[in-house]
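*Asks:* What follows is a structure written as structure tokens; I'll ask about it next.
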Amino acid sequence: MEIKNLRVNGTRLQESLEEMAKIGATPNGGVQRLTLSDEDKRARDLFVEWLKEMDLEITIDEMGSIFGKREGKNNDLAPVMSGSHIDSQPKGGRFDGILGVMGALEVLRTIHERKIETERPIVIVDWTNEEGSRFAPAMVASGVWAGALDRDWVYKRTDISGKRFVDELERIGYKGTVPAEKWPVHAYYEYHIEQGPVLEQEGKIIGAPKGILCLHWYDVYLEGEANQVGPTPMEGRHDALCAASEMILKVNELPAKMGGNMVSTVGEIQNYPNSRNIIPDKVHFTVDIRSWDDDLALKAWEEVKKDFEEIAKRRGCPIRNEETWRVEHSPFDQKLVQKVLDTADELGYPALHMVSGAGHDASYMNQIAPTAMIFVPSIGGRSHVEVENTKWEDCEAGANVLLHTILQSAMEV
Ligand code: GLV
Ligand code: MN
Ligand code: MN
């Protein structure tokens, strides 16, 4: 069979995704596979078992990322790399991340069973902790691997119960010994669901993002004064939760105030002591600001910080802001993006040039290697929710685009 007529096995891809969806399955059809949890470990174990079936050279690095390398004719040439993440959001969906790992696995299985020899090696990867919802920030393993984040800083990050990243990594048995250090990569492709409504609205099957928005994460800590809610008059209270409430609305109003293209969100909050009859004396909440325009996002933070300070002062609630994480916007390699568009066209799938509002490990990979992504539609534009869904035929279409983009790059000498 001519290589151009090669296609992935859509049924096998569906079965792998369904098998993975059982690990951490939630009652409403989603998955909860928080990073470095027991569910993450079980899914990793299954992934490694599947890699072993293809005699790949498997390595696990000191960040817990799993790499499977298939040799090429010339192993001195930089490999083509593809993958995504196995971890999920709390009450997340069955496609975010895992589609890119199972998609790359299906591509390798297809190449393996046809005994296709590529010029370059091909590496499949599962990056640890892409989501950043258990241990902030996100994309830490690709960040360390690319040299953008410090390994020991990430190791010390804690979850809400105070457990350290490094201890949890060790506990699940995935603290490898191979240094998390970049090597030359010829091309990096990440296959993912869109997580937004655009492809569906435009009636397209494949999305080729020109890049990813910047991501800026902040943590805000407020102090108030606790007291019995009944006897304490309304005047003179220092209610940390009321201060936070005003601040949260300022974050919500920020994009309209700034103009330009940005989104800003408070998604996480902890209120202490969290009792209905105690005035809250401690609040922590997060701020997430994204834009294609890094300066606009930075100005927005400066702007909202002034609002925070005014509110904190007026309510007598001291504030501390932490600038936790910043990733600049990532314009992908134009030639690789064009390759995705051309391949979709050759395979007969309508495609769209777009942007990614969601963060991906491709952001950090883009800092060290030519990078592109392949998107498929999210039904109803829903993601990071249990009802997250994508048609099986679209999963197969995206995997076919991945197959042929990988093959083209892997045949380049
Ligand atoms: C990653 O899932 C993100 O926050 O976009
Ligand atoms: Mn993802
Ligand atoms: Mn996600």
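To be explicit about the labels: the chains of the structure tokens are called A, B, and onward in the order shown, and within each one the residues are counted from 1, while ligands get numbers from 1 in the order they are shown.
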Can you tell me, as a list in words, what residues are no more than 10 Å from A:Cys242 when counting only C-alpha atoms, ignoring any on the same chain fewer than 5 positions away?

*Replies:*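 Once the nearby chain positions are removed, what remains is Gly224, Arg237, Met247, Ile248, Ile279, Pro280, Val283, Ile311, Ala312, Arg315 and Cys317 of chain A.
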
*Asks:* Need the shell around A:Ser356: protein/DNA/RNA residues with any atom at most 8 Å away, counting only C-alpha atoms. Skip same-chain ones fewer than 3 positions apart. Format as a list in words?

*Replies:*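 Final neighbour list, sorted by chain and number: Glu194, Pro209, Lys210, Gly211, Ile212, Leu213 and Gly359 of chain A.
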
*Asks:* Within 8 Å of ligand 1, which residues show up when you count only C-alpha atoms and all ligand atoms? List them as a count of residues only, please.

*Replies:* 11

*Asks:* Please report, as CSV, each residue of chain A lying at most 12 Å from ligand 2, together with the nearest pair of atoms and the separation in Å rounded to one decimal; use only C-alpha atoms and all ligand atoms, and order rows by chain and ascending residue number.

*Replies:*
residue,atom,partner,partner_atom_place_in_ligand_line,distance
A:Gly83,CA,ligand 2,1 (Mn),10.6
A:Ser84,CA,ligand 2,1 (Mn),7.1
A:His85,CA,ligand 2,1 (Mn),6.6
A:Ile86,CA,ligand 2,1 (Mn),8.6
A:Asp87,CA,ligand 2,1 (Mn),8.5
A:Ser88,CA,ligand 2,1 (Mn),7.7
A:Gln89,CA,ligand 2,1 (Mn),9.1
A:Gly92,CA,ligand 2,1 (Mn),10.2
A:Gly93,CA,ligand 2,1 (Mn),9.9
A:Arg94,CA,ligand 2,1 (Mn),10.7
A:Phe95,CA,ligand 2,1 (Mn),8.3
A:Asp96,CA,ligand 2,1 (Mn),4.6
A:Gly97,CA,ligand 2,1 (Mn),4.1
A:Ile98,CA,ligand 2,1 (Mn),7.8
A:Leu99,CA,ligand 2,1 (Mn),8.9
A:Gly100,CA,ligand 2,1 (Mn),8.4
A:Val101,CA,ligand 2,1 (Mn),10.3
A:Asp126,CA,ligand 2,1 (Mn),11.3
A:Trp127,CA,ligand 2,1 (Mn),10.4
A:Thr128,CA,ligand 2,1 (Mn),11.4
A:Asn129,CA,ligand 2,1 (Mn),9.9
A:Glu130,CA,ligand 2,1 (Mn),6.7
A:Glu131,CA,ligand 2,1 (Mn),6.8
A:Gly132,CA,ligand 2,1 (Mn),10.4
A:Ser133,CA,ligand 2,1 (Mn),11.7
A:Ala138,CA,ligand 2,1 (Mn),9.9
A:Met139,CA,ligand 2,1 (Mn),9.3
A:Glu190,CA,ligand 2,1 (Mn),9.8
A:Tyr191,CA,ligand 2,1 (Mn),9.4
A:His192,CA,ligand 2,1 (Mn),6.8
A:Ile193,CA,ligand 2,1 (Mn),7.8
A:Glu194,CA,ligand 2,1 (Mn),9.2
A:Gln195,CA,ligand 2,1 (Mn),8.5
A:Ser356,CA,ligand 2,1 (Mn),11.0
A:Gly357,CA,ligand 2,1 (Mn),11.1
A:Ala358,CA,ligand 2,1 (Mn),7.5
A:Gly359,CA,ligand 2,1 (Mn),7.1
A:His360,CA,ligand 2,1 (Mn),5.8
A:Asp361,CA,ligand 2,1 (Mn),8.1
A:Ala362,CA,ligand 2,1 (Mn),10.0
A:Ser363,CA,ligand 2,1 (Mn),11.6
A:Met373,CA,ligand 2,1 (Mn),11.6
A:Phe375,CA,ligand 2,1 (Mn),11.0
A:Ser383,CA,ligand 2,1 (Mn),9.4
A:His384,CA,ligand 2,1 (Mn),8.8
A:Glu388,CA,ligand 2,1 (Mn),11.9

*Asks:* Just the number, please: distance in Å from atom CA of A:Met81 to atom CA of A:Gly10, one decimal.

*Replies:*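 It comes out at 21.1 Å.
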
*Asks:* Write out as a list in words the residues lying within 12 Å of A:Lys22, counting only C-alpha atoms and excluding same-chain residues fewer than 6 positions away.

*Replies:*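 My reading of the contact set: Glu15, Ser16, Gly29, Gly30, Val31, Gln32, Arg33, Glu39, Asp40, Arg42, Ala43, Leu46, Gly93 and Arg94 of chain A.
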
*Asks:* So that I have them on file, write out the residues from the current selection with all heavy atoms, as an mmCIF file, in the first residue's frame.

*Replies:*
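Final output, result-v1.cif:
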data_model
loop_
_atom_site.group_PDB
_atom_site.id
_atom_site.type_symbol
_atom_site.label_atom_id
_atom_site.label_comp_id
_atom_site.auth_asym_id
_atom_site.auth_seq_id
_atom_site.Cartn_x
_atom_site.Cartn_y
_atom_site.Cartn_z
ATOM 1 N N GLU A 15 -11.416 2.345 21.111
ATOM 2 C CA GLU A 15 -11.300 1.369 22.204
ATOM 3 C C GLU A 15 -10.244 1.795 23.224
ATOM 4 O O GLU A 15 -10.449 1.652 24.432
ATOM 5 C CB GLU A 15 -10.960 -0.020 21.643
ATOM 6 C CG GLU A 15 -12.176 -0.688 21.015
ATOM 7 C CD GLU A 15 -11.833 -1.904 20.148
ATOM 8 O OE1 GLU A 15 -10.633 -2.285 20.062
ATOM 9 O OE2 GLU A 15 -12.770 -2.440 19.543
ATOM 10 N N SER A 16 -9.134 2.336 22.735
ATOM 11 C CA SER A 16 -8.098 2.795 23.691
ATOM 12 C C SER A 16 -8.635 3.942 24.542
ATOM 13 O O SER A 16 -8.406 3.991 25.754
ATOM 14 C CB SER A 16 -6.845 3.313 22.978
ATOM 15 O OG SER A 16 -6.512 2.527 21.903
ATOM 16 N N GLY A 29 -20.180 10.541 33.416
ATOM 17 C CA GLY A 29 -19.568 10.299 32.112
ATOM 18 C C GLY A 29 -18.246 10.989 31.861
ATOM 19 O O GLY A 29 -17.740 10.967 30.742
ATOM 20 N N GLY A 30 -17.681 11.591 32.897
ATOM 21 C CA GLY A 30 -16.372 12.222 32.718
ATOM 22 C C GLY A 30 -15.269 11.393 33.346
ATOM 23 O O GLY A 30 -15.446 10.191 33.590
ATOM 24 N N VAL A 31 -14.120 12.012 33.578
ATOM 25 C CA VAL A 31 -13.066 11.347 34.342
ATOM 26 C C VAL A 31 -12.461 12.322 35.345
ATOM 27 O O VAL A 31 -12.445 13.533 35.130
ATOM 28 C CB VAL A 31 -11.891 10.807 33.479
ATOM 29 C CG1 VAL A 31 -12.335 9.715 32.540
ATOM 30 C CG2 VAL A 31 -11.173 11.898 32.735
ATOM 31 N N GLN A 32 -11.990 11.762 36.435
ATOM 32 C CA GLN A 32 -11.203 12.540 37.382
ATOM 33 C C GLN A 32 -9.889 11.788 37.579
ATOM 34 O O GLN A 32 -9.853 10.763 38.264
ATOM 35 C CB GLN A 32 -11.949 12.696 38.709
ATOM 36 C CG GLN A 32 -11.105 13.409 39.750
ATOM 37 C CD GLN A 32 -11.936 14.189 40.752
ATOM 38 O OE1 GLN A 32 -12.870 14.874 40.387
ATOM 39 N NE2 GLN A 32 -11.580 14.088 42.008
ATOM 40 N N ARG A 33 -8.858 12.294 36.915
ATOM 41 C CA ARG A 33 -7.539 11.660 36.986
ATOM 42 C C ARG A 33 -6.543 12.757 37.318
ATOM 43 O O ARG A 33 -5.757 13.189 36.483
ATOM 44 C CB ARG A 33 -7.235 11.037 35.619
ATOM 45 C CG ARG A 33 -6.627 9.688 35.705
ATOM 46 C CD ARG A 33 -6.641 8.887 34.430
ATOM 47 N NE ARG A 33 -6.651 9.662 33.220
ATOM 48 C CZ ARG A 33 -7.496 9.461 32.200
ATOM 49 N NH1 ARG A 33 -8.375 8.501 32.244
ATOM 50 N NH2 ARG A 33 -7.438 10.218 31.130
ATOM 51 N N GLU A 39 -5.245 7.274 40.228
ATOM 52 C CA GLU A 39 -5.829 7.091 38.888
ATOM 53 C C GLU A 39 -4.801 7.442 37.812
ATOM 54 O O GLU A 39 -4.700 6.766 36.786
ATOM 55 C CB GLU A 39 -7.074 7.983 38.719
ATOM 56 C CG GLU A 39 -8.265 7.579 39.573
ATOM 57 C CD GLU A 39 -8.133 7.960 41.032
ATOM 58 O OE1 GLU A 39 -7.388 8.921 41.346
ATOM 59 O OE2 GLU A 39 -8.765 7.289 41.882
ATOM 60 N N ASP A 40 -4.047 8.507 38.047
ATOM 61 C CA ASP A 40 -2.977 8.882 37.109
ATOM 62 C C ASP A 40 -2.000 7.712 36.978
ATOM 63 O O ASP A 40 -1.602 7.315 35.877
ATOM 64 C CB ASP A 40 -2.280 10.153 37.629
ATOM 65 C CG ASP A 40 -1.229 10.715 36.663
ATOM 66 O OD1 ASP A 40 -1.126 10.220 35.521
ATOM 67 O OD2 ASP A 40 -0.500 11.652 37.056
ATOM 68 N N ARG A 42 -2.553 4.495 37.522
ATOM 69 C CA ARG A 42 -3.140 3.353 36.801
ATOM 70 C C ARG A 42 -3.166 3.600 35.295
ATOM 71 O O ARG A 42 -2.885 2.707 34.496
ATOM 72 C CB ARG A 42 -4.549 3.075 37.324
ATOM 73 C CG ARG A 42 -4.510 2.192 38.569
ATOM 74 C CD ARG A 42 -5.834 2.151 39.299
ATOM 75 N NE ARG A 42 -6.951 1.807 38.440
ATOM 76 C CZ ARG A 42 -8.190 2.305 38.575
ATOM 77 N NH1 ARG A 42 -8.449 3.179 39.525
ATOM 78 N NH2 ARG A 42 -9.150 1.926 37.771
ATOM 79 N N ALA A 43 -3.477 4.818 34.910
ATOM 80 C CA ALA A 43 -3.516 5.146 33.472
ATOM 81 C C ALA A 43 -2.110 5.119 32.880
ATOM 82 O O ALA A 43 -1.902 4.652 31.753
ATOM 83 C CB ALA A 43 -4.163 6.513 33.272
ATOM 84 N N LEU A 46 -1.062 1.487 32.328
ATOM 85 C CA LEU A 46 -1.681 0.929 31.119
ATOM 86 C C LEU A 46 -0.982 1.468 29.863
ATOM 87 O O LEU A 46 -0.696 0.716 28.920
ATOM 88 C CB LEU A 46 -3.176 1.290 31.098
ATOM 89 C CG LEU A 46 -3.974 0.791 29.908
ATOM 90 C CD1 LEU A 46 -3.920 -0.738 29.794
ATOM 91 C CD2 LEU A 46 -5.454 1.242 30.018
ATOM 92 N N GLY A 93 -13.135 15.818 31.463
ATOM 93 C CA GLY A 93 -13.722 15.051 30.372
ATOM 94 C C GLY A 93 -12.857 13.879 29.940
ATOM 95 O O GLY A 93 -11.741 13.689 30.427
ATOM 96 N N ARG A 94 -13.394 13.105 28.977
ATOM 97 C CA ARG A 94 -12.736 11.878 28.519
ATOM 98 C C ARG A 94 -11.796 12.098 27.336
ATOM 99 O O ARG A 94 -11.290 11.142 26.765
ATOM 100 C CB ARG A 94 -13.805 10.849 28.100
ATOM 101 C CG ARG A 94 -14.609 10.288 29.231
ATOM 102 C CD ARG A 94 -15.765 9.448 28.705
ATOM 103 N NE ARG A 94 -16.672 10.287 27.907
ATOM 104 C CZ ARG A 94 -17.309 9.871 26.806
ATOM 105 N NH1 ARG A 94 -17.143 8.643 26.357
ATOM 106 N NH2 ARG A 94 -18.119 10.683 26.170
#

*Asks:* When DSSP works through the backbone of this structure, what residues of stretch 145-219 of chain A end up as alpha helix (DSSP H), shown as JSON, numbers by chain?

*Replies:* {"A": [145, 151, 152, 153, 154, 155, 165, 166, 167, 168, 169, 170, 171, 198, 199, 200, 201, 202]}

*Asks:* Just C-alpha atoms for this one: save the residues we selected as a CSV table (one decimal), in the first residue's frame.

*Replies:*
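The resulting file, part-v1.csv, is reproduced below:
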chain,number,residue,atom,x,y,z
A,145,TRP,CA,12.1,19.7,30.0
A,151,ARG,CA,12.8,21.4,38.6
A,152,ASP,CA,13.3,21.9,42.3
A,153,TRP,CA,10.8,24.8,42.4
A,154,VAL,CA,8.2,22.5,40.8
A,155,TYR,CA,9.2,19.6,43.2
A,165,PHE,CA,4.7,17.3,44.1
A,166,VAL,CA,8.0,15.4,44.5
A,167,ASP,CA,6.6,13.1,47.2
A,168,GLU,CA,3.5,12.3,45.2
A,169,LEU,CA,5.7,11.6,42.1
A,170,GLU,CA,7.7,9.1,44.2
A,171,ARG,CA,4.6,7.6,45.8
A,198,VAL,CA,-15.3,27.6,16.9
A,199,LEU,CA,-14.8,24.5,14.8
A,200,GLU,CA,-18.4,23.3,15.4
A,201,GLN,CA,-19.8,26.8,14.5
A,202,GLU,CA,-17.7,27.0,11.3

*Asks:* What does the distance between atom CA of A:Lys175 and atom CA of A:Glu49 come to in Å, to one decimal place?

*Replies:*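 These two atoms are separated by 17.5 Å.
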
*Asks:* Here is a test: counting only C-alpha atoms, which residue of A:Asn274, A:Val144, A:Lys313, A:Asn252 is nearest to A:Glu62?

*Replies:*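 Selected residue with least distance to A:Glu62: A:Val144.
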
*Asks:* Using DSSP assignments from the backbone, pull out every residue in stretch 174-401 of chain A that falls under strand (DSSP E) and give it to me as a ChimeraX atom specification.

*Replies:* /A:187-193,206-212,214-223,262-265,269-272,282-291,319-327,330-331,351-356,371-376

*Asks:* Within 9 Å of A:Gln14, counting only C-alpha atoms, which residues qualify if same-chain residues fewer than 6 places away don't, as a PyMOL selection string?

*Replies:* chain A and resi 102+392+395-396

*Asks:* Would you kindly return, as a PyMOL selection string, each protein, DNA or RNA residue with an atom no farther than 9 Å from any atom of A:Asp394, considering only C-alpha atoms and excluding same-chain residues fewer than 4 positions away?

*Replies:* chain A and resi 205-206+376-377+390+398-399

*Asks:* Would you please work out which residue, of A:Ser378, A:Ala300, A:Val385, A:Lys182, is nearest to ligand 3 when using only C-alpha atoms and all ligand atoms?

*Replies:* A:Val385

*Asks:* A:Thr35, A:Asn5, A:Asn277, A:Asn75: which is nearest ligand 3, counting only C-alpha atoms and all ligand atoms?

*Replies:*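 Closest residue, counting only C-alpha atoms and all ligand atoms: A:Thr35.
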
*Asks:* Distance atom CA of A:Val327-atom CA of A:Thr265, one decimal place?

*Replies:*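 Atom CA of A:Val327 sits 16.3 Å away from atom CA of A:Thr265.
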
*Asks:* Using only C-alpha atoms, which residues sit within 8 Å of A:Val178 once same-chain residues fewer than 2 positions away are excluded, as a list in words?

*Replies:*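 Result of the neighbour search: Thr59, Ile60, Asp61, Glu62, Gly176 and Ala180 of chain A.
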